[in-house]
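Okay, start_17.csv is below, CSV, C-alpha atoms:
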chain,number,residue,atom,x,y,z
A,16,MET,CA,14.4,-14.7,-27.5
A,17,ASP,CA,16.0,-12.3,-25.1
A,18,TRP,CA,14.5,-13.1,-21.7
A,19,ASN,CA,16.2,-10.2,-20.0
A,20,ASN,CA,14.4,-7.7,-22.2
A,21,ILE,CA,11.1,-9.6,-21.8
A,22,GLN,CA,11.5,-9.6,-18.0
A,23,ASN,CA,12.4,-6.0,-17.9
A,24,PHE,CA,9.4,-5.1,-20.0
A,25,LEU,CA,7.1,-7.1,-17.8
A,26,SER,CA,8.6,-5.4,-14.7
A,27,ASN,CA,7.8,-2.0,-16.3
A,28,ILE,CA,4.2,-3.3,-16.8
A,29,VAL,CA,4.1,-4.1,-13.1
A,30,PHE,CA,5.2,-0.6,-12.3
A,31,ALA,CA,2.4,0.9,-14.4
A,32,ILE,CA,-0.2,-1.4,-12.8
A,33,LEU,CA,0.9,-0.5,-9.3
A,34,LEU,CA,0.8,3.2,-10.2
A,35,PHE,CA,-2.8,2.8,-11.4
A,36,THR,CA,-3.6,0.7,-8.3
A,37,MET,CA,-2.2,3.4,-6.0
A,38,ILE,CA,-4.4,6.0,-7.6
A,39,ILE,CA,-7.4,3.8,-7.4
A,40,TYR,CA,-6.9,3.2,-3.7
A,41,TRP,CA,-6.3,6.9,-2.9
A,42,VAL,CA,-9.4,8.0,-4.8
A,43,ASN,CA,-11.4,5.3,-3.1
A,44,LEU,CA,-10.2,6.4,0.3
A,45,SER,CA,-11.1,10.0,-0.5
A,46,PHE,CA,-14.7,9.1,-1.6
A,47,LEU,CA,-15.2,6.2,0.8
A,48,ASN,CA,-18.9,6.6,1.1
A,49,SER,CA,-19.8,7.1,-2.5
A,50,ILE,CA,-17.6,4.8,-4.6
A,51,ASN,CA,-17.7,1.1,-3.5
A,52,ASN,CA,-16.3,-0.8,-6.4
A,53,LEU,CA,-13.0,1.0,-6.8
A,54,SER,CA,-11.4,-1.1,-4.0
A,55,LYS,CA,-12.3,-4.2,-5.9
A,56,ILE,CA,-10.6,-2.9,-9.1
A,57,GLY,CA,-7.5,-2.0,-7.1
A,58,ASN,CA,-7.5,-5.5,-5.5
A,59,TYR,CA,-7.8,-7.2,-8.9
A,60,CYS,CA,-5.0,-5.0,-10.3
A,61,SER,CA,-2.8,-6.0,-7.3
A,62,ILE,CA,-3.5,-9.6,-8.0
A,63,LEU,CA,-2.5,-9.1,-11.7
A,64,ALA,CA,0.7,-7.4,-10.7
A,65,ASN,CA,1.5,-10.2,-8.3
A,66,ILE,CA,1.0,-12.8,-10.9
A,67,VAL,CA,3.2,-11.0,-13.4
A,68,LEU,CA,5.9,-10.7,-10.8
A,69,PHE,CA,5.6,-14.3,-10.0
A,70,PHE,CA,6.1,-15.2,-13.7
A,71,ILE,CA,9.1,-12.9,-13.9
A,72,LEU,CA,10.8,-14.6,-10.9
A,73,CYS,CA,10.0,-18.1,-12.0
A,74,SER,CA,11.2,-17.5,-15.6
A,75,ARG,CA,14.3,-15.9,-14.3
A,76,TRP,CA,14.9,-19.0,-12.1
A,77,ILE,CA,14.3,-21.4,-15.0
A,78,VAL,CA,16.4,-19.5,-17.5
A,79,ALA,CA,19.3,-18.6,-15.2
A,80,GLY,CA,19.3,-21.9,-13.4
A,81,TYR,CA,19.4,-20.6,-9.9
A,82,PHE,CA,17.1,-19.0,-7.3
A,83,PRO,CA,16.5,-15.4,-8.4
A,84,LEU,CA,18.0,-13.6,-5.4
A,85,SER,CA,21.6,-13.2,-6.5
A,86,ASN,CA,21.7,-9.5,-7.0
A,87,LEU,CA,20.0,-6.3,-5.8
A,88,TYR,CA,17.6,-6.1,-8.8
A,89,GLU,CA,16.3,-9.6,-8.2
A,90,SER,CA,16.0,-9.0,-4.4
A,91,LEU,CA,13.9,-5.9,-5.1
A,92,LEU,CA,11.5,-7.8,-7.4
A,93,PHE,CA,11.2,-10.5,-4.8
A,94,LEU,CA,10.6,-8.0,-2.1
A,95,THR,CA,7.8,-6.3,-4.2
A,96,TRP,CA,6.2,-9.7,-4.8
A,97,THR,CA,6.4,-10.6,-1.1
A,98,LEU,CA,4.9,-7.3,-0.1
A,99,LEU,CA,2.0,-7.7,-2.5
A,100,THR,CA,1.3,-11.3,-1.4
A,101,LEU,CA,1.2,-10.4,2.3
A,102,TYR,CA,-0.9,-7.3,1.6
A,103,LEU,CA,-3.4,-9.3,-0.4
A,104,TYR,CA,-3.7,-11.7,2.5
A,105,ILE,CA,-4.1,-9.0,5.1
A,106,GLU,CA,-6.7,-7.1,3.0
A,107,TYR,CA,-8.6,-10.3,2.6
A,108,LYS,CA,-8.7,-10.9,6.3
A,109,THR,CA,-9.4,-7.3,7.4
A,110,LYS,CA,-11.5,-6.0,4.5
A,111,SER,CA,-9.7,-2.7,5.0
A,112,LYS,CA,-9.2,-0.1,2.3
A,113,LEU,CA,-6.4,1.5,4.3
A,114,ILE,CA,-4.1,-1.4,3.9
A,115,GLY,CA,-3.8,-1.0,0.1
A,116,ALA,CA,-3.6,2.8,0.4
A,117,ILE,CA,-0.4,2.6,2.5
A,118,LEU,CA,1.2,-0.6,1.2
A,119,ILE,CA,0.8,-0.2,-2.6
A,120,PRO,CA,2.9,3.0,-2.6
A,121,VAL,CA,5.7,1.2,-0.9
A,122,ALA,CA,5.6,-1.7,-3.4
A,123,LEU,CA,5.5,0.9,-6.2
A,124,LEU,CA,8.6,2.7,-4.9
A,125,VAL,CA,10.5,-0.6,-4.5
A,126,ASN,CA,9.6,-1.7,-8.0
A,127,GLY,CA,10.3,1.8,-9.4
A,128,PHE,CA,13.8,1.8,-7.8
A,129,ALA,CA,14.5,-1.5,-9.4
A,130,ASN,CA,13.4,-0.5,-12.9
A,131,LEU,CA,14.3,3.2,-13.0
A,132,THR,CA,17.4,3.5,-10.9
A,133,LEU,CA,19.5,0.4,-11.5
A,134,SER,CA,21.4,0.2,-14.7
A,135,THR,CA,20.5,-2.3,-17.4
A,136,GLU,CA,23.6,-4.3,-16.6
A,137,MET,CA,22.6,-4.6,-13.0
A,138,GLN,CA,19.2,-5.9,-14.1
A,139,LYS,CA,20.5,-8.7,-16.2
A,140,ALA,CA,20.9,-12.2,-14.9
A,141,SER,CA,24.5,-13.2,-14.7
A,142,PRO,CA,26.5,-16.3,-13.6
A,143,LEU,CA,26.8,-16.6,-9.9
A,144,VAL,CA,30.0,-15.4,-8.2
A,145,PRO,CA,31.8,-18.2,-6.2
A,146,ALA,CA,30.5,-16.9,-2.9
A,147,LEU,CA,26.9,-17.4,-4.1
A,148,GLN,CA,27.3,-20.9,-5.4
A,149,SER,CA,25.9,-22.5,-2.3
A,150,ASN,CA,22.7,-24.2,-1.2
A,151,TRP,CA,22.5,-21.5,1.5
A,152,LEU,CA,21.6,-18.9,-1.1
A,153,MET,CA,17.9,-19.7,-1.1
A,154,MET,CA,17.6,-20.2,2.7
A,155,HIS,CA,19.5,-17.1,3.8
A,156,VAL,CA,18.3,-14.5,1.3
A,157,SER,CA,14.7,-15.7,1.0
A,158,MET,CA,14.4,-15.6,4.8
A,159,MET,CA,15.8,-12.1,5.0
A,160,MET,CA,13.5,-10.9,2.2
A,161,LEU,CA,10.5,-12.4,3.9
A,162,SER,CA,11.5,-10.8,7.2
A,163,TYR,CA,12.0,-7.4,5.5
A,164,ALA,CA,8.6,-7.5,3.8
A,165,THR,CA,6.7,-8.7,6.9
A,166,LEU,CA,8.4,-6.2,9.2
A,167,ILE,CA,7.9,-3.4,6.8
A,168,ILE,CA,4.2,-4.0,6.8
A,169,GLY,CA,4.0,-4.3,10.6
A,170,SER,CA,6.1,-1.1,10.9
A,171,LEU,CA,3.8,0.7,8.5
A,172,LEU,CA,0.8,-0.2,10.6
A,173,CYS,CA,2.6,1.3,13.6
A,174,ILE,CA,3.2,4.5,11.7
A,175,LEU,CA,-0.4,4.6,10.6
A,176,PHE,CA,-1.4,4.1,14.3
A,177,LEU,CA,0.6,7.1,15.3
A,178,VAL,CA,-0.8,9.2,12.5
A,179,ILE,CA,-4.5,8.4,13.2
A,180,SER,CA,-4.0,8.7,17.0
A,181,ASN,CA,-2.3,12.0,16.5
A,182,TYR,CA,0.6,10.8,18.6
A,183,GLN,CA,-1.7,10.6,21.7
A,184,ASP,CA,-1.8,7.9,24.4
A,185,ILE,CA,-4.8,5.6,23.7
A,186,ASP,CA,-6.9,3.9,26.4
A,187,PHE,CA,-8.2,0.7,25.0
A,188,GLN,CA,-10.1,-0.2,28.2
A,189,SER,CA,-13.1,1.7,27.0
A,190,ILE,CA,-13.5,-0.7,24.1
A,191,ASN,CA,-14.4,-3.5,26.5
A,192,ASN,CA,-17.1,-1.4,28.0
A,193,SER,CA,-18.7,-0.6,24.7
A,194,SER,CA,-21.9,-2.3,23.6
A,195,LEU,CA,-21.0,-2.0,19.9
A,196,PRO,CA,-20.0,-5.2,18.1
A,197,PHE,CA,-16.3,-5.7,17.6
A,198,SER,CA,-14.0,-8.1,15.9
A,199,ASN,CA,-10.2,-8.2,16.2
A,200,VAL,CA,-10.0,-9.1,12.6
A,201,LEU,CA,-12.6,-7.1,10.6
A,202,PHE,CA,-12.3,-3.4,11.2
A,203,ASN,CA,-13.6,-2.1,7.9
A,204,TYR,CA,-16.8,-0.9,9.6
A,205,TYR,CA,-14.9,1.2,12.1
A,206,GLU,CA,-12.6,2.5,9.4
A,207,LEU,CA,-15.7,3.8,7.7
A,208,LYS,CA,-16.8,5.6,10.9
A,209,LEU,CA,-13.3,7.1,11.1
A,210,PHE,CA,-14.0,8.9,7.8
A,211,SER,CA,-17.5,10.0,8.8
A,212,PRO,CA,-16.9,12.7,11.4
A,213,SER,CA,-20.6,13.5,11.6
A,214,ASP,CA,-21.5,10.1,12.9
A,215,GLU,CA,-22.1,10.0,16.7
A,216,ILE,CA,-20.0,6.9,17.1
A,217,SER,CA,-17.1,8.0,15.0
A,218,GLU,CA,-14.8,8.5,18.0
A,219,LEU,CA,-15.5,4.9,19.2
A,220,GLY,CA,-15.0,3.7,15.7
A,221,LYS,CA,-11.6,5.4,15.6
A,222,LEU,CA,-10.7,3.8,18.9
A,223,LYS,CA,-11.5,0.4,17.7
A,224,LEU,CA,-9.7,0.9,14.4
A,225,LEU,CA,-6.6,1.9,16.4
A,226,TYR,CA,-7.0,-1.2,18.5
A,227,SER,CA,-7.1,-3.3,15.4
A,228,LEU,CA,-4.0,-1.6,13.9
A,229,ASP,CA,-2.2,-2.2,17.2
A,230,ASN,CA,-3.2,-5.8,17.2
A,231,TRP,CA,-2.3,-6.5,13.6
A,232,SER,CA,1.0,-4.7,13.8
A,233,TYR,CA,1.9,-7.0,16.7
A,234,ARG,CA,0.9,-10.1,14.9
A,235,ILE,CA,2.8,-9.2,11.7
A,236,ILE,CA,6.0,-8.2,13.5
A,237,GLY,CA,5.7,-11.3,15.6
A,238,LEU,CA,5.6,-13.3,12.3
A,239,GLY,CA,8.5,-11.4,10.7
A,240,PHE,CA,10.9,-11.6,13.7
A,241,PRO,CA,11.4,-15.4,13.4
A,242,PHE,CA,12.1,-15.0,9.7
A,243,LEU,CA,14.8,-12.4,10.5
A,244,THR,CA,16.3,-14.7,13.2
A,245,ILE,CA,16.5,-17.7,10.9
A,246,GLY,CA,17.9,-15.5,8.1
A,247,ILE,CA,20.7,-14.2,10.3
A,248,ILE,CA,21.6,-17.6,11.6
A,249,ALA,CA,21.6,-19.1,8.1
A,250,GLY,CA,23.8,-16.2,6.9
A,251,GLY,CA,26.2,-16.9,9.7
A,252,VAL,CA,26.5,-20.6,8.7
A,253,TRP,CA,26.9,-19.6,5.0
A,254,ALA,CA,29.5,-17.0,5.9
A,255,ASN,CA,31.6,-19.6,7.7
A,256,GLU,CA,31.3,-21.8,4.7
A,257,ALA,CA,32.3,-19.1,2.2
A,258,TRP,CA,34.6,-16.8,4.2
A,259,GLY,CA,35.8,-19.0,7.2
A,260,SER,CA,34.0,-16.9,9.9
A,261,TYR,CA,30.5,-16.9,11.3
A,262,TRP,CA,30.5,-13.1,11.9
A,263,SER,CA,32.8,-10.4,10.4
A,264,TRP,CA,31.0,-7.2,11.4
A,265,ASP,CA,30.3,-6.4,7.8
A,266,PRO,CA,28.0,-3.4,7.4
A,267,LYS,CA,25.2,-5.7,6.3
A,268,GLU,CA,25.7,-7.9,9.3
A,269,THR,CA,26.0,-5.0,11.7
A,270,TRP,CA,22.8,-3.4,10.6
A,271,ALA,CA,21.0,-6.8,10.5
A,272,LEU,CA,21.9,-7.1,14.1
A,273,ILE,CA,20.6,-3.6,14.9
A,274,THR,CA,17.4,-4.5,13.1
A,275,TRP,CA,17.1,-7.6,15.1
A,276,LEU,CA,17.6,-5.7,18.4
A,277,VAL,CA,15.0,-3.1,17.6
A,278,PHE,CA,12.3,-5.6,16.9
A,279,ALA,CA,13.4,-7.8,19.8
A,280,THR,CA,12.9,-4.8,22.0
A,281,TYR,CA,9.4,-4.3,20.5
A,282,LEU,CA,8.4,-7.8,21.2
A,283,HIS,CA,10.0,-7.8,24.7
A,284,SER,CA,8.1,-4.6,25.6
A,285,ARG,CA,4.8,-6.2,24.6
A,286,LEU,CA,5.3,-9.7,26.0
A,287,ILE,CA,7.2,-8.9,29.2
A,288,LYS,CA,6.3,-5.2,30.0
A,289,GLY,CA,2.8,-5.4,28.7
A,290,TRP,CA,3.2,-2.2,26.6
A,291,GLU,CA,0.7,-1.4,23.8
A,292,GLY,CA,-0.5,1.5,21.8
A,293,LYS,CA,1.7,4.6,21.4
A,294,LYS,CA,4.9,3.2,23.1
A,295,THR,CA,5.2,0.1,21.0
A,296,ALA,CA,4.1,2.0,17.9
A,297,ILE,CA,7.1,4.3,18.3
A,298,LEU,CA,9.4,1.3,18.5
A,299,GLY,CA,7.8,-0.3,15.4
A,300,SER,CA,8.0,3.0,13.5
A,301,LEU,CA,11.7,3.2,14.3
A,302,GLY,CA,12.1,-0.3,12.9
A,303,PHE,CA,10.7,0.8,9.5
A,304,PHE,CA,13.6,3.2,8.9
A,305,ILE,CA,16.2,0.8,10.4
A,306,ILE,CA,15.1,-1.9,7.9
A,307,TRP,CA,15.6,0.4,4.9
A,308,ILE,CA,19.1,1.4,6.2
A,309,CYS,CA,19.9,-2.3,6.6
A,310,TYR,CA,18.6,-3.3,3.2
A,311,LEU,CA,19.4,-0.4,0.9
A,312,GLY,CA,21.2,2.3,2.9
A,313,VAL,CA,24.5,0.4,3.5
A,314,ASN,CA,24.4,-0.6,-0.2
A,315,PHE,CA,25.5,2.9,-1.1
A,316,LEU,CA,28.7,2.6,1.0
A,317,GLY,CA,30.3,0.2,-1.4
A,318,LYS,CA,32.2,-1.5,1.4
A,319,GLY,CA,32.1,-4.9,2.9
A,320,LEU,CA,31.9,-8.6,2.0
A,321,HIS,CA,28.5,-8.4,0.5
A,322,SER,CA,29.9,-6.8,-2.7
A,323,TYR,CA,27.2,-8.2,-5.0
A,324,GLY,CA,24.6,-6.2,-3.1
A,325,TRP,CA,26.1,-2.7,-3.6
A,326,VAL,CA,24.7,0.0,-5.9
A,327,SER,CA,27.3,0.8,-8.4

Could you render the structure as structure tokens?
Amino acid sequence: MDWNNIQNFLSNIVFAILLFTMIIYWVNLSFLNSINNLSKIGNYCSILANIVLFFILCSRWIVAGYFPLSNLYESLLFLTWTLLTLYLYIEYKTKSKLIGAILIPVALLVNGFANLTLSTEMQKASPLVPALQSNWLMMHVSMMMLSYATLIIGSLLCILFLVISNYQDIDFQSINNSSLPFSNVLFNYYELKLFSPSDEISELGKLKLLYSLDNWSYRIIGLGFPFLTIGIIAGGVWANEAWGSYWSWDPKETWALITWLVFATYLHSRLIKGWEGKKTAILGSLGFFIIWICYLGVNFLGKGLHSYGWVS
């Protein structure tokens, strides 16, 4: 039994499921008031894709004998699985159809890049290089992947905030003066009003949706930042064990530091300066692009100590 072929086939199945799910969510968003069951179908498909990905990662772990984060292909699968897991939790808490509509395409692109761009040789499980034969592999790489997934979602919500607000400054004080019911968690009702322009409370619904997006992006980035910090620290300890130095200004290390500084600035501006809305959304949106440069962009350089992460 060739497990590499089975895993690659299942990964392609995940791609097909995610493509179908994305179409479902977009159609549902376009006909928000007339089709109510499509979002459930999309949710079930996402759960199925998540289960298949979990099986792929677990079988790869068992067959290869090490945590499946030793190369770019495995990290892409793990990132896709993490994105789906976080998205399913957030959608469960918010009941929002927007979440799937913006996150499923990202998961689809990540999975598609792993399956369609990387060569067959890069997709195969292979013996660990000496630098990866360490107990720090699971701690460092898993924390970095968790941070990437969490921060990507938070940053996407910041971008969505800017798009819906049309890049305008938003005054959230009027929400407190409204007599309409409001919850910081459930904003599906106000999302519905956003897509019903004829409704007399659509503007207030839009405002409350923006408030929820701002709140959730803050929560999620606040969760992802400690993961990133732990991942960088663990990487430093591992680097000292493997290369004799805690920090070498490797391209990966440099961009990880830049990513950390961007999101540290975001959190500082909210906690210390009291910023919210447009200003912090701009910082969070910048972080979205910085993450991809850190994770994939420097991989195309082909230079540095993280040689097992480069795209060949």

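Nearest residue to A:Ala271 among A:Leu171, A:Ile236, A:Ile297, A:Leu311 is A:Leu311, counting all atoms listed in the file.
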
Gap from atom CA of A:Arg234 to atom CA of A:Gly169 - Å, one decimal: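 Separation between atom CA of A:Arg234 and atom CA of A:Gly169: 7.9 Å.
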
Protein and nucleic acid residues near (-7.3, 3.8, -5.9) (cut-off 7 Å, only C-alpha atoms) as a list of chain:residue names: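 Checking each residue against the 7 Å limit leaves A:Thr36, A:Met37, A:Ile38, A:Ile39, A:Tyr40, A:Trp41, A:Val42, A:Asn43, A:Leu53, A:Ser54, A:Gly57.
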
Output C-alpha atoms for every residue in that selection, as an mmCIF file, in the frame of the given file.
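Result written to out_23.cif:
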data_model
loop_
_atom_site.group_PDB
_atom_site.id
_atom_site.type_symbol
_atom_site.label_atom_id
_atom_site.label_comp_id
_atom_site.auth_asym_id
_atom_site.auth_seq_id
_atom_site.Cartn_x
_atom_site.Cartn_y
_atom_site.Cartn_z
ATOM 1 C CA THR A 36 -3.600 0.700 -8.300
ATOM 2 C CA MET A 37 -2.200 3.400 -6.000
ATOM 3 C CA ILE A 38 -4.400 6.000 -7.600
ATOM 4 C CA ILE A 39 -7.400 3.800 -7.400
ATOM 5 C CA TYR A 40 -6.900 3.200 -3.700
ATOM 6 C CA TRP A 41 -6.300 6.900 -2.900
ATOM 7 C CA VAL A 42 -9.400 8.000 -4.800
ATOM 8 C CA ASN A 43 -11.400 5.300 -3.100
ATOM 9 C CA LEU A 53 -13.000 1.000 -6.800
ATOM 10 C CA SER A 54 -11.400 -1.100 -4.000
ATOM 11 C CA GLY A 57 -7.500 -2.000 -7.100
#

Closest of A:Lys139, A:Val252, A:Leu243, A:Val178 to A:Ala79 - atom-to-atom distances counting all atoms listed in the file: A:Lys139

Surrounding residues of stretch 95-103 of chain A excluding itself and chain neighbours under 6 positions, 8 Å, only C-alpha atoms, as a ChimeraX atom specification: /A:58,61-62,65,68-69,114-115,118-119,122-123,125-126,160-161,164-165,168

For A:Pro241: contacts at 12 Å, all atoms listed in the file, fewer than 2 positions along chain excluded, given as number ranges by chain: A: 158-159, 161-163, 165-166, 234-239, 243-248, 275, 278-279, 282

Long-range neighbours of stretch 174-177 of chain A as a PyMOL selection string, 10 Å cut-off, only C-alpha atoms, 4 positions minimum in chain: chain A and resi 113-114+117+168-170+181-184+224-229+232+292-294+296-301+303

Å distance separating atom CA of A:Ser134 from atom CA of A:Met154, one decimal place: 27.1 Å

Nearest-residue call for A:Leu124, choices A:Asn23, A:Ser260, A:Leu92, A:Leu286, using all atoms listed in the file: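 Smallest distance to A:Leu124 is found for A:Leu92.
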
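Counting all atoms listed in the file, the residue from A:Tyr281, A:Tyr233, A:Trp270, A:Tyr107 that sits nearest to A:Ile306 is A:Trp270.
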
Computed interatomic separation between atom CA of A:Glu136 and atom CA of A:Leu87 (Å): 11.6 Å

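Distances here use only C-alpha atoms; by that measure, the residue among A:Ile185, A:Thr280, A:Lys112, A:Ile308 closest to A:Asn52 is A:Lys112.
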
All residues 8 Å or closer to A:Trp18, only C-alpha atoms, same chain fewer than 2 positions away omitted, as a list in words: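 My reading of the contact set: Met16, Asn20, Ile21, Gln22, Arg75 and Val78 of chain A.
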
Protein/DNA/RNA residues near (0.2, -9.5, -16.7), cut 12 Å, only C-alpha atoms, as a PyMOL selection string: chain A and resi 22+24-33+59-71

Could you dump the residues just selected with C-alpha atoms as an mmCIF file, in the frame of the given file?
data_model
loop_
_atom_site.group_PDB
_atom_site.id
_atom_site.type_symbol
_atom_site.label_atom_id
_atom_site.label_comp_id
_atom_site.auth_asym_id
_atom_site.auth_seq_id
_atom_site.Cartn_x
_atom_site.Cartn_y
_atom_site.Cartn_z
ATOM 1 C CA GLN A 22 11.500 -9.600 -18.000
ATOM 2 C CA PHE A 24 9.400 -5.100 -20.000
ATOM 3 C CA LEU A 25 7.100 -7.100 -17.800
ATOM 4 C CA SER A 26 8.600 -5.400 -14.700
ATOM 5 C CA ASN A 27 7.800 -2.000 -16.300
ATOM 6 C CA ILE A 28 4.200 -3.300 -16.800
ATOM 7 C CA VAL A 29 4.100 -4.100 -13.100
ATOM 8 C CA PHE A 30 5.200 -0.600 -12.300
ATOM 9 C CA ALA A 31 2.400 0.900 -14.400
ATOM 10 C CA ILE A 32 -0.200 -1.400 -12.800
ATOM 11 C CA LEU A 33 0.900 -0.500 -9.300
ATOM 12 C CA TYR A 59 -7.800 -7.200 -8.900
ATOM 13 C CA CYS A 60 -5.000 -5.000 -10.300
ATOM 14 C CA SER A 61 -2.800 -6.000 -7.300
ATOM 15 C CA ILE A 62 -3.500 -9.600 -8.000
ATOM 16 C CA LEU A 63 -2.500 -9.100 -11.700
ATOM 17 C CA ALA A 64 0.700 -7.400 -10.700
ATOM 18 C CA ASN A 65 1.500 -10.200 -8.300
ATOM 19 C CA ILE A 66 1.000 -12.800 -10.900
ATOM 20 C CA VAL A 67 3.200 -11.000 -13.400
ATOM 21 C CA LEU A 68 5.900 -10.700 -10.800
ATOM 22 C CA PHE A 69 5.600 -14.300 -10.000
ATOM 23 C CA PHE A 70 6.100 -15.200 -13.700
ATOM 24 C CA ILE A 71 9.100 -12.900 -13.900
#

Best match for closeness to A:Gln138 among A:Ile179, A:Ala116, A:Tyr88, A:Ser111, counting all atoms listed in the file: A:Tyr88

Distance query A:Ser157 at most 10 Å, only C-alpha atoms, self and fewer than 6 positions along chain excluded, as a count of residues only: 11
